[in-house]
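**Student:** What follows is structure.cif, made up of mmCIF, C-alpha atoms and all ligand atoms:
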```cif
data_work
#
loop_
_atom_site.label_atom_id
_atom_site.label_comp_id
_atom_site.auth_asym_id
_atom_site.auth_seq_id
_atom_site.Cartn_x
_atom_site.Cartn_y
_atom_site.Cartn_z
CA MET A 1 97.86 50.00 59.56
CA ILE A 2 99.33 52.12 62.35
CA ALA A 3 97.92 51.29 65.76
CA THR A 4 95.92 54.27 66.96
CA GLU A 5 96.49 55.75 70.33
CA LYS A 6 93.77 54.72 72.67
CA ILE A 7 91.00 57.28 72.98
CA THR A 8 90.36 57.96 76.65
CA VAL A 9 86.72 58.05 77.72
CA GLU A 10 85.38 59.87 80.76
CA LYS A 11 81.70 59.01 81.04
CA THR A 12 79.24 61.55 82.41
CA LYS A 13 77.69 60.96 85.81
CA ASN A 14 74.68 63.09 84.87
CA SER A 15 73.23 61.77 81.65
CA ARG A 16 70.57 64.04 80.13
CA LEU A 17 69.15 61.19 78.04
CA SER A 18 65.98 60.72 80.12
CA GLU A 19 65.00 64.37 79.51
CA VAL A 20 64.75 63.87 75.75
CA ASP A 21 61.45 63.15 73.97
CA PHE A 22 62.61 61.12 70.98
CA ASP A 23 59.18 61.42 69.35
CA LYS A 24 59.41 65.20 69.25
CA LEU A 25 62.97 66.03 68.30
CA PRO A 26 63.62 69.61 67.23
CA PHE A 27 66.47 70.19 64.75
CA GLY A 28 69.75 71.45 66.06
CA SER A 29 69.32 72.13 69.76
CA ILE A 30 69.58 68.82 71.64
CA ILE A 31 73.14 67.72 72.33
CA SER A 32 74.26 64.25 73.42
CA ASP A 33 76.12 63.55 76.66
CA HIS A 34 79.71 63.51 75.36
CA MET A 35 82.16 65.30 73.09
CA LEU A 36 85.57 64.46 71.72
CA LEU A 37 88.54 66.81 72.00
CA SER A 38 91.98 66.81 70.44
CA ASP A 39 94.63 69.55 70.23
CA TYR A 40 97.16 70.31 67.55
CA LEU A 41 100.35 71.51 69.25
CA ASN A 42 104.03 71.41 68.28
CA GLU A 43 103.18 70.36 64.74
CA GLU A 44 101.16 67.31 65.60
CA TRP A 45 97.69 66.21 66.56
CA GLY A 46 97.69 65.02 70.16
CA PRO A 47 95.63 62.29 71.83
CA SER A 48 91.84 62.36 71.56
CA SER A 49 89.67 62.21 74.64
CA ILE A 50 85.95 61.79 75.11
CA VAL A 51 84.56 63.82 78.01
CA PRO A 52 81.12 64.97 79.21
CA PHE A 53 79.78 67.67 76.87
CA GLY A 54 80.36 71.11 78.30
CA HIS A 55 81.81 74.56 77.79
CA ILE A 56 85.43 75.06 76.84
CA GLU A 57 87.56 77.95 77.95
CA ILE A 58 88.97 80.19 75.24
CA SER A 59 91.00 83.37 75.16
CA PRO A 60 89.56 86.53 73.57
CA THR A 61 92.71 86.56 71.44
CA MET A 62 92.07 83.11 70.01
CA LEU A 63 92.95 83.46 66.33
CA ALA A 64 89.83 81.76 64.93
CA LEU A 65 87.65 84.50 66.45
CA HIS A 66 89.52 87.14 64.50
CA TYR A 67 90.74 85.59 61.27
CA GLY A 68 88.26 82.81 60.71
CA GLN A 69 90.22 79.59 60.34
CA ILE A 70 87.22 77.39 61.10
CA VAL A 71 86.09 74.33 59.17
CA PHE A 72 83.27 71.92 59.94
CA GLU A 73 81.44 68.83 58.75
CA GLY A 74 77.90 67.57 59.19
CA MET A 75 77.03 63.91 58.88
CA LYS A 76 74.61 61.43 60.37
CA ALA A 77 74.45 58.08 62.15
CA PHE A 78 71.35 55.89 61.87
CA LYS A 79 69.79 53.06 63.81
CA MET A 80 69.37 50.35 61.17
CA LYS A 81 66.36 48.05 60.93
CA GLU A 82 68.37 45.20 62.50
CA GLY A 83 69.42 47.44 65.38
CA ASN A 84 72.99 48.18 64.30
CA ILE A 85 74.23 51.75 64.23
CA SER A 86 75.70 52.95 60.97
CA ILE A 87 77.46 56.15 59.97
CA PHE A 88 76.64 57.38 56.48
CA ARG A 89 79.50 57.97 54.03
CA MET A 90 82.12 58.83 56.64
CA ASP A 91 84.98 58.53 54.12
CA LYS A 92 83.42 61.09 51.78
CA HIS A 93 82.85 63.50 54.65
CA TYR A 94 86.45 62.97 55.75
CA GLU A 95 87.78 63.73 52.26
CA ARG A 96 85.81 66.95 52.14
CA PHE A 97 86.94 67.88 55.66
CA CYS A 98 90.55 67.49 54.44
CA ARG A 99 89.95 69.63 51.35
CA SER A 100 88.26 72.32 53.47
CA MET A 101 91.14 72.27 55.97
CA GLU A 102 93.73 72.55 53.20
CA ARG A 103 91.91 75.57 51.72
CA MET A 104 91.87 77.23 55.15
CA CYS A 105 95.54 76.40 55.86
CA ILE A 106 94.64 74.02 58.70
CA PRO A 107 96.96 71.01 59.19
CA ALA A 108 95.69 67.69 57.86
CA MET A 109 94.65 64.75 60.01
CA SER A 110 94.67 61.07 59.07
CA PHE A 111 91.54 59.13 58.16
CA GLU A 112 92.36 56.80 61.04
CA ARG A 113 92.29 59.62 63.58
CA PHE A 114 89.09 61.08 62.16
CA SER A 115 87.19 57.81 61.77
CA GLU A 116 88.28 56.32 65.09
CA ALA A 117 87.23 59.54 66.81
CA VAL A 118 83.80 59.63 65.16
CA LYS A 119 83.17 55.94 65.83
CA ALA A 120 84.28 56.13 69.46
CA LEU A 121 82.05 59.12 70.14
CA VAL A 122 79.02 57.53 68.46
CA LYS A 123 79.65 54.37 70.50
CA ALA A 124 79.89 56.37 73.72
CA ASP A 125 76.52 57.98 72.97
CA ALA A 126 74.94 54.97 71.22
CA ASP A 127 71.79 55.37 73.32
CA TRP A 128 71.30 58.78 71.76
CA VAL A 129 70.86 57.42 68.22
CA PRO A 130 67.10 57.67 67.55
CA ALA A 131 65.29 54.62 66.23
CA ASN A 132 62.33 56.33 64.52
CA GLU A 133 62.53 56.35 60.74
CA GLY A 134 63.58 59.79 59.54
CA SER A 135 65.40 60.55 62.79
CA SER A 136 69.17 60.27 63.21
CA LEU A 137 72.16 61.31 65.25
CA TYR A 138 73.69 64.42 63.69
CA ILE A 139 77.49 64.45 64.00
CA ARG A 140 79.36 67.75 63.94
CA PRO A 141 83.17 67.52 63.68
CA PHE A 142 84.93 70.87 63.48
CA VAL A 143 88.37 72.38 63.78
CA PHE A 144 89.50 75.90 64.55
CA ALA A 145 92.60 78.00 65.21
CA SER A 146 93.05 78.06 68.98
CA GLU A 147 96.36 79.86 69.22
CA GLU A 148 96.27 82.95 71.44
CA ARG A 149 97.63 85.98 69.66
CA PHE A 150 96.14 88.99 67.90
CA GLY A 151 98.74 89.56 65.22
CA VAL A 152 97.51 88.13 61.95
CA LYS A 153 99.12 84.85 60.91
CA VAL A 154 98.35 81.25 60.09
CA ALA A 155 97.79 79.63 63.48
CA GLU A 156 100.13 76.98 64.80
CA GLU A 157 97.64 75.57 67.32
CA TYR A 158 94.20 74.09 66.62
CA LYS A 159 91.38 72.31 68.37
CA PHE A 160 89.42 69.43 66.85
CA ILE A 161 86.07 68.82 68.51
CA ILE A 162 83.18 66.51 67.71
CA PHE A 163 79.78 66.63 69.31
CA THR A 164 76.53 64.97 68.29
CA GLY A 165 72.82 65.48 68.77
CA PRO A 166 69.66 63.53 67.94
CA VAL A 167 67.53 65.14 65.22
CA GLY A 168 64.02 64.41 64.02
CA PRO A 169 62.73 64.26 60.45
CA TYR A 170 63.09 67.61 58.81
CA TYR A 171 59.89 68.19 56.86
CA SER A 172 60.45 71.16 54.66
CA ASN A 173 57.34 72.81 53.27
CA PRO A 174 57.83 73.42 49.56
CA LEU A 175 60.00 76.52 49.32
CA LYS A 176 59.58 79.87 47.68
CA VAL A 177 63.01 80.94 46.50
CA LYS A 178 64.49 83.90 44.68
CA VAL A 179 67.24 83.87 42.07
CA GLU A 180 69.71 86.20 43.77
CA ASP A 181 71.03 88.63 41.18
CA LYS A 182 72.87 91.07 43.41
CA TYR A 183 74.79 89.15 46.10
CA ARG A 184 76.94 86.07 45.72
CA ARG A 185 77.73 83.26 48.14
CA ALA A 186 81.02 82.35 46.52
CA ALA A 187 83.34 83.52 43.77
CA ARG A 188 85.61 81.57 41.44
CA GLY A 189 88.89 81.17 43.26
CA GLY A 190 87.21 81.82 46.61
CA THR A 191 86.29 79.50 49.45
CA GLY A 192 82.86 78.37 48.23
CA SER A 193 83.80 74.71 47.94
CA ALA A 194 85.21 74.63 51.50
CA LYS A 195 82.85 73.98 54.40
CA CYS A 196 84.19 76.95 56.34
CA ALA A 197 82.29 79.05 58.85
CA GLY A 198 82.74 82.35 57.02
CA ASN A 199 80.74 81.19 54.00
CA TYR A 200 77.71 80.99 56.26
CA GLY A 201 78.29 84.36 57.90
CA GLY A 202 78.55 85.98 54.49
CA ALA A 203 75.32 84.39 53.28
CA PHE A 204 73.17 85.54 56.21
CA TYR A 205 72.64 89.13 55.06
CA PRO A 206 71.34 88.43 51.52
CA SER A 207 69.26 85.54 52.90
CA SER A 208 67.68 87.76 55.53
CA LEU A 209 66.86 90.41 52.90
CA ALA A 210 65.19 87.71 50.80
CA ARG A 211 63.18 86.57 53.83
CA LYS A 212 61.97 90.14 54.38
CA GLU A 213 60.71 90.10 50.79
CA GLY A 214 58.75 86.92 51.57
CA PHE A 215 61.10 84.23 50.25
CA ASP A 216 62.34 81.22 52.21
CA GLN A 217 65.83 81.43 50.75
CA VAL A 218 67.87 82.40 47.71
CA LEU A 219 69.11 80.51 44.69
CA TRP A 220 72.75 81.54 44.42
CA THR A 221 74.19 82.14 40.97
CA ASP A 222 77.67 82.45 39.49
CA GLY A 223 77.13 86.20 39.08
CA SER A 224 77.40 86.03 35.27
CA ALA A 225 74.91 87.63 32.89
CA GLU A 226 73.43 84.14 32.36
CA LEU A 227 72.71 83.86 36.10
CA ASN A 228 73.81 80.22 36.16
CA ILE A 229 72.36 78.60 39.27
CA GLU A 230 74.87 77.28 41.82
CA GLU A 231 73.16 76.33 45.09
CA SER A 232 69.93 76.74 47.02
CA GLY A 233 70.59 78.39 50.38
CA THR A 234 72.94 76.01 52.18
CA MET A 235 71.99 73.06 49.97
CA ASN A 236 72.98 71.86 46.52
CA VAL A 237 70.27 72.24 43.92
CA MET A 238 68.77 69.87 41.35
CA PHE A 239 66.11 70.19 38.67
CA LEU A 240 64.03 67.66 36.81
CA VAL A 241 63.91 68.86 33.20
CA ASN A 242 61.94 66.69 30.80
CA GLY A 243 62.59 63.63 32.95
CA VAL A 244 66.34 64.33 33.23
CA VAL A 245 67.97 65.18 36.57
CA VAL A 246 70.04 68.32 36.02
CA THR A 247 72.46 69.75 38.58
CA PRO A 248 75.18 72.41 38.27
CA PRO A 249 78.68 70.95 37.79
CA LEU A 250 81.08 71.14 40.74
CA SER A 251 83.49 74.04 40.77
CA ASP A 252 85.38 75.96 43.43
CA SER A 253 82.26 78.04 44.08
CA ILE A 254 80.00 75.05 44.75
CA LEU A 255 80.11 72.82 47.84
CA ASP A 256 80.61 69.17 46.90
CA GLY A 257 77.63 67.80 48.82
CA VAL A 258 77.57 64.19 49.96
CA THR A 259 73.79 64.14 49.50
CA ARG A 260 74.24 65.56 45.98
CA ASP A 261 76.67 62.77 45.14
CA SER A 262 74.39 60.14 46.70
CA PHE A 263 71.39 61.46 44.75
CA ILE A 264 73.31 61.34 41.46
CA THR A 265 74.39 57.76 42.14
CA ILE A 266 70.90 56.60 43.14
CA ALA A 267 69.20 58.46 40.26
CA LYS A 268 71.49 56.74 37.74
CA ASP A 269 70.94 53.42 39.46
CA MET A 270 67.17 53.92 39.16
CA GLY A 271 67.55 54.54 35.44
CA TYR A 272 67.33 58.32 35.33
CA LYS A 273 69.59 60.28 33.08
CA VAL A 274 71.69 62.74 35.10
CA GLU A 275 73.37 65.80 33.63
CA GLU A 276 75.93 67.81 35.57
CA ARG A 277 75.84 71.00 33.58
CA LYS A 278 75.17 74.70 33.81
CA ILE A 279 71.57 75.78 34.06
CA GLY A 280 70.78 79.49 33.88
CA ALA A 281 67.81 81.76 34.55
CA LYS A 282 66.84 81.78 30.85
CA GLU A 283 66.54 77.99 30.70
CA LEU A 284 64.46 78.01 33.89
CA VAL A 285 62.07 80.62 32.48
CA SER A 286 61.61 78.71 29.21
CA GLY A 287 61.26 75.46 31.22
CA PHE A 288 58.39 77.06 33.15
CA GLU A 289 56.82 78.45 29.99
CA ASN A 290 56.87 75.21 27.99
CA GLY A 291 56.25 72.94 30.97
CA THR A 292 59.53 70.99 30.75
CA LEU A 293 60.69 72.10 34.20
CA GLN A 294 59.00 69.49 36.41
CA GLU A 295 60.79 69.69 39.75
CA ALA A 296 63.34 71.77 41.62
CA PHE A 297 64.81 70.83 45.00
CA GLY A 298 67.70 71.32 47.35
CA THR A 299 69.78 68.43 48.73
CA GLY A 300 71.77 68.35 51.96
CA THR A 301 72.46 66.22 55.02
CA ALA A 302 70.10 68.10 57.35
CA ALA A 303 66.83 67.97 55.38
CA VAL A 304 67.95 65.43 52.73
CA VAL A 305 65.51 67.08 50.27
CA ALA A 306 63.83 70.47 50.30
CA PRO A 307 61.33 70.71 47.43
CA ILE A 308 60.96 74.09 45.76
CA GLN A 309 57.50 75.33 44.75
CA VAL A 310 58.06 78.85 43.51
CA ILE A 311 61.10 80.45 41.87
CA HIS A 312 61.29 84.21 41.57
CA ILE A 313 63.30 85.25 38.53
CA LYS A 314 63.95 88.92 37.69
CA GLY A 315 60.76 90.29 39.21
CA LYS A 316 58.43 87.43 38.37
CA ASP A 317 57.17 84.40 40.33
CA TYR A 318 57.09 81.07 38.50
CA THR A 319 55.26 78.13 40.07
CA LEU A 320 56.14 74.45 39.75
CA PRO A 321 53.59 71.61 39.75
CA THR A 322 52.45 70.73 43.30
CA VAL A 323 54.92 68.49 45.12
CA LYS A 324 53.64 64.90 45.40
CA ASP A 325 55.02 61.72 46.99
CA SER A 326 55.65 60.40 43.48
CA ASN A 327 58.12 63.23 42.75
CA VAL A 328 61.53 62.03 41.64
CA SER A 329 63.14 63.94 44.53
CA LEU A 330 61.05 62.09 47.13
CA THR A 331 61.49 58.73 45.40
CA ILE A 332 65.27 59.10 45.54
CA LYS A 333 65.01 60.30 49.15
CA GLN A 334 63.12 57.12 50.06
CA ARG A 335 65.73 54.91 48.36
CA LEU A 336 68.48 56.75 50.21
CA SER A 337 66.68 56.17 53.50
CA ASP A 338 66.27 52.46 52.67
CA ILE A 339 70.01 52.12 52.02
CA ARG A 340 70.85 53.89 55.28
CA LEU A 341 68.52 51.65 57.29
CA GLY A 342 69.73 48.45 55.64
CA VAL A 343 66.38 47.86 53.89
CA ALA A 344 67.85 48.28 50.37
CA PRO A 345 71.29 46.84 49.49
CA ASP A 346 74.29 49.05 50.23
CA LYS A 347 76.01 48.44 46.88
CA ASN A 348 78.52 51.24 47.27
CA ASN A 349 79.54 50.58 50.88
CA TRP A 350 78.12 53.83 52.19
CA ASN A 351 77.36 52.51 55.68
CA THR A 352 80.03 52.15 58.35
CA ILE A 353 78.68 49.92 61.12
CA VAL A 354 80.02 50.94 64.52
C1 LIG B 1 77.03 71.32 53.69
C2 LIG B 1 76.57 72.05 52.48
C3 LIG B 1 75.83 71.44 51.45
C4 LIG B 1 75.31 70.04 51.53
O1 LIG B 1 76.30 69.08 51.67
P1 LIG B 1 75.91 67.64 52.26
O2 LIG B 1 77.23 66.93 52.30
O3 LIG B 1 74.97 67.04 51.30
O4 LIG B 1 75.31 67.86 53.59
C5 LIG B 1 75.52 72.20 50.32
N1 LIG B 1 75.89 73.48 50.21
C6 LIG B 1 76.58 74.12 51.17
C7 LIG B 1 76.95 75.52 51.00
C8 LIG B 1 76.94 73.42 52.34
O5 LIG B 1 77.62 74.06 53.29
#
```
I need this file expressed as structure tokens, please.

**Tutor:**
Amino acid sequence: MIATEKITVEKTKNSRLSEVDFDKLPFGSIISDHMLLSDYLNEEWGPSSIVPFGHIEISPTMLALHYGQIVFEGMKAFKMKEGNISIFRMDKHYERFCRSMERMCIPAMSFERFSEAVKALVKADADWVPANEGSSLYIRPFVFASEERFGVKVAEEYKFIIFTGPVGPYYSNPLKVKVEDKYRRAARGGTGSAKCAGNYGGAFYPSSLARKEGFDQVLWTDGSAELNIEESGTMNVMFLVNGVVVTPPLSDSILDGVTRDSFITIAKDMGYKVEERKIGAKELVSGFENGTLQEAFGTGTAAVVAPIQVIHIKGKDYTLPTVKDSNVSLTIKQRLSDIRLGVAPDKNNWNTIV
């Protein structure tokens, strides 16, 4: 293994830790004391440094602001039952980060650089990792084109930044969703499988229209006549059909979710049959009519599971059985939590102890 350059650490003199109420953590607004910065210049990634979290100066001509070369990740660190801190499936998040960067023409970085950076930052802000079950430290690595120039081109300079923030349990009320038959999140050959900023920007308008109509979010489809379901908002989607866990197969228009993969692994381990196959509006309607559609839910790092209660398909609302603790989605969620906290065995080496 190549020896990594030492990551320099400048600790804050004004920690904000004492201002945080760890029993009442909102999602997505509290930021830990430090951040990690690294620049890509002259065809290489430079040294990483950890500094107090704060604003960065950018030029209005910075290429990312105009042409959108921006890629991010979202993962979590947990305080385990024994008191250790563990990062969940860092290697899988790294692999996806690399695939997203390649799709957006952003230069690769080694696993060593990425993992050492994440671990060092989590260590620096170890006191920010919440201990309450269901809470965690959200970790946001991202990279963007920082070169200053307004002529369109692939940038030659980039910034890699990681910041973190403690988040509480994300209880999602059962959702009312709409099968979106006009707009699409992603197209075959497009950037749907990359975690790039623009995918989110493009999804806001159809999602806000759906909210005005009284839905929580949309079920994205592949745009075909069959209306094959792809994702649920910014989450992957799964169904329980006649006791079988069904989820759309990965393609370049579906984001390869780490939670999706973890759910598939755990479901199989628990003895459920899992099918990665297309599932269209017609099958959903007949599943509602003959009672074989038992559950529908989204999966993602932020909420882990978001159960769906109502699905609107071509002008009609269809209602699923009331969500209960015994639902397959919540049973798998509990097992996942047990693995993360070191309560259930970590057979697949998903936890990286820092
Ligand atoms: C991040 C993301 C997901 C969920 O991925 P996880 O790795 O499980 O957090 C699903 N769909 C989209 C569009 C996403 O951006």

**Student:** Hey, which residues sit close to ligand LIG 1 (chain B)? Say within 8 Å, counting only C-alpha atoms and all ligand atoms, and write them as a count of residues only.

**Tutor:** 30

**Student:** Given 4 Å of margin on each side, can you work out the centre and size in Å (one decimal) of an axis-aligned box holding every listed atom of range 64-73 of chain A, as AutoDock Vina command-line options?

**Tutor:**
```
--center_x 86.1 --center_y 78.0 --center_z 62.6 --size_x 17.3 --size_y 26.3 --size_z 15.7
```

**Student:** Under the rule that all atoms listed in the file are counted, which of A:Leu17, A:Ile85, A:Ala225, A:Ile161 is the nearest residue to Ser49 in chain A?

**Tutor:**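 For Ser49 in chain A, the nearest of the candidates is A:Ile161.
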
**Student:** Set out as CSV a contact list for range 59-111 of chain A and range 27-47 of chain A with a cut-off of 12 Å, giving each residue of range 59-111 of chain A that qualifies its closest atom pair and distance in Å to one decimal, counting only C-alpha atoms, ordered by chain and rising residue number.

**Tutor:**
```
residue,atom,partner,partner_atom,distance
A:Gly74,CA,A:Gly28,CA,11.3
A:Ile106,CA,A:Tyr40,CA,9.9
A:Pro107,CA,A:Glu43,CA,8.4
A:Ala108,CA,A:Trp45,CA,9.0
A:Met109,CA,A:Trp45,CA,7.4
A:Ser110,CA,A:Trp45,CA,9.6
```

**Student:** Which residues come within 6 Å of range 311-325 of chain A, counting all atoms listed in the file, excluding same-chain residues fewer than 6 positions away, as a VMD selection string?

**Tutor:** chain A and resid 177 to 179

**Student:** What's the separation between CA of Phe150 in chain A and CA of Ser59 in chain A, in Å to one decimal place?

**Tutor:**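 Taking CA of Phe150 in chain A and CA of Ser59 in chain A, their separation equals 10.5 Å.
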
**Student:** So that I can see what lies close to Val354 in chain A, please list as a list of chain:residue names the residues with an atom at most 9 Å from it, counting only C-alpha atoms and leaving out residues fewer than 3 positions away in the same chain.

**Tutor:**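 Selected residues are A:Asn84, A:Ile85, A:Ser86, A:Ile87, A:Lys119, A:Ala120, A:Val122, A:Lys123.
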
**Student:** Rounded to one decimal place, report the CA of Lys81 in chain A-CA of Asn348 in chain A distance in Å.

**Tutor:**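 Between CA of Lys81 in chain A and CA of Asn348 in chain A the gap works out to 18.6 Å.
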
**Student:** Compare A:Gly243, A:Pro174, A:Pro166, A:Pro141 by their minimum atom-to-atom distance to Thr292 in chain A, counting only C-alpha atoms, and give me the closest one.

**Tutor:**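 For Thr292 in chain A, the nearest of the candidates is A:Gly243.
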
**Student:** Can you measure CA of Met90 in chain A to CA of Glu276 in chain A for me? One decimal in Å is fine.

**Tutor:**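 Distance reported for this atom pair: 23.7 Å.
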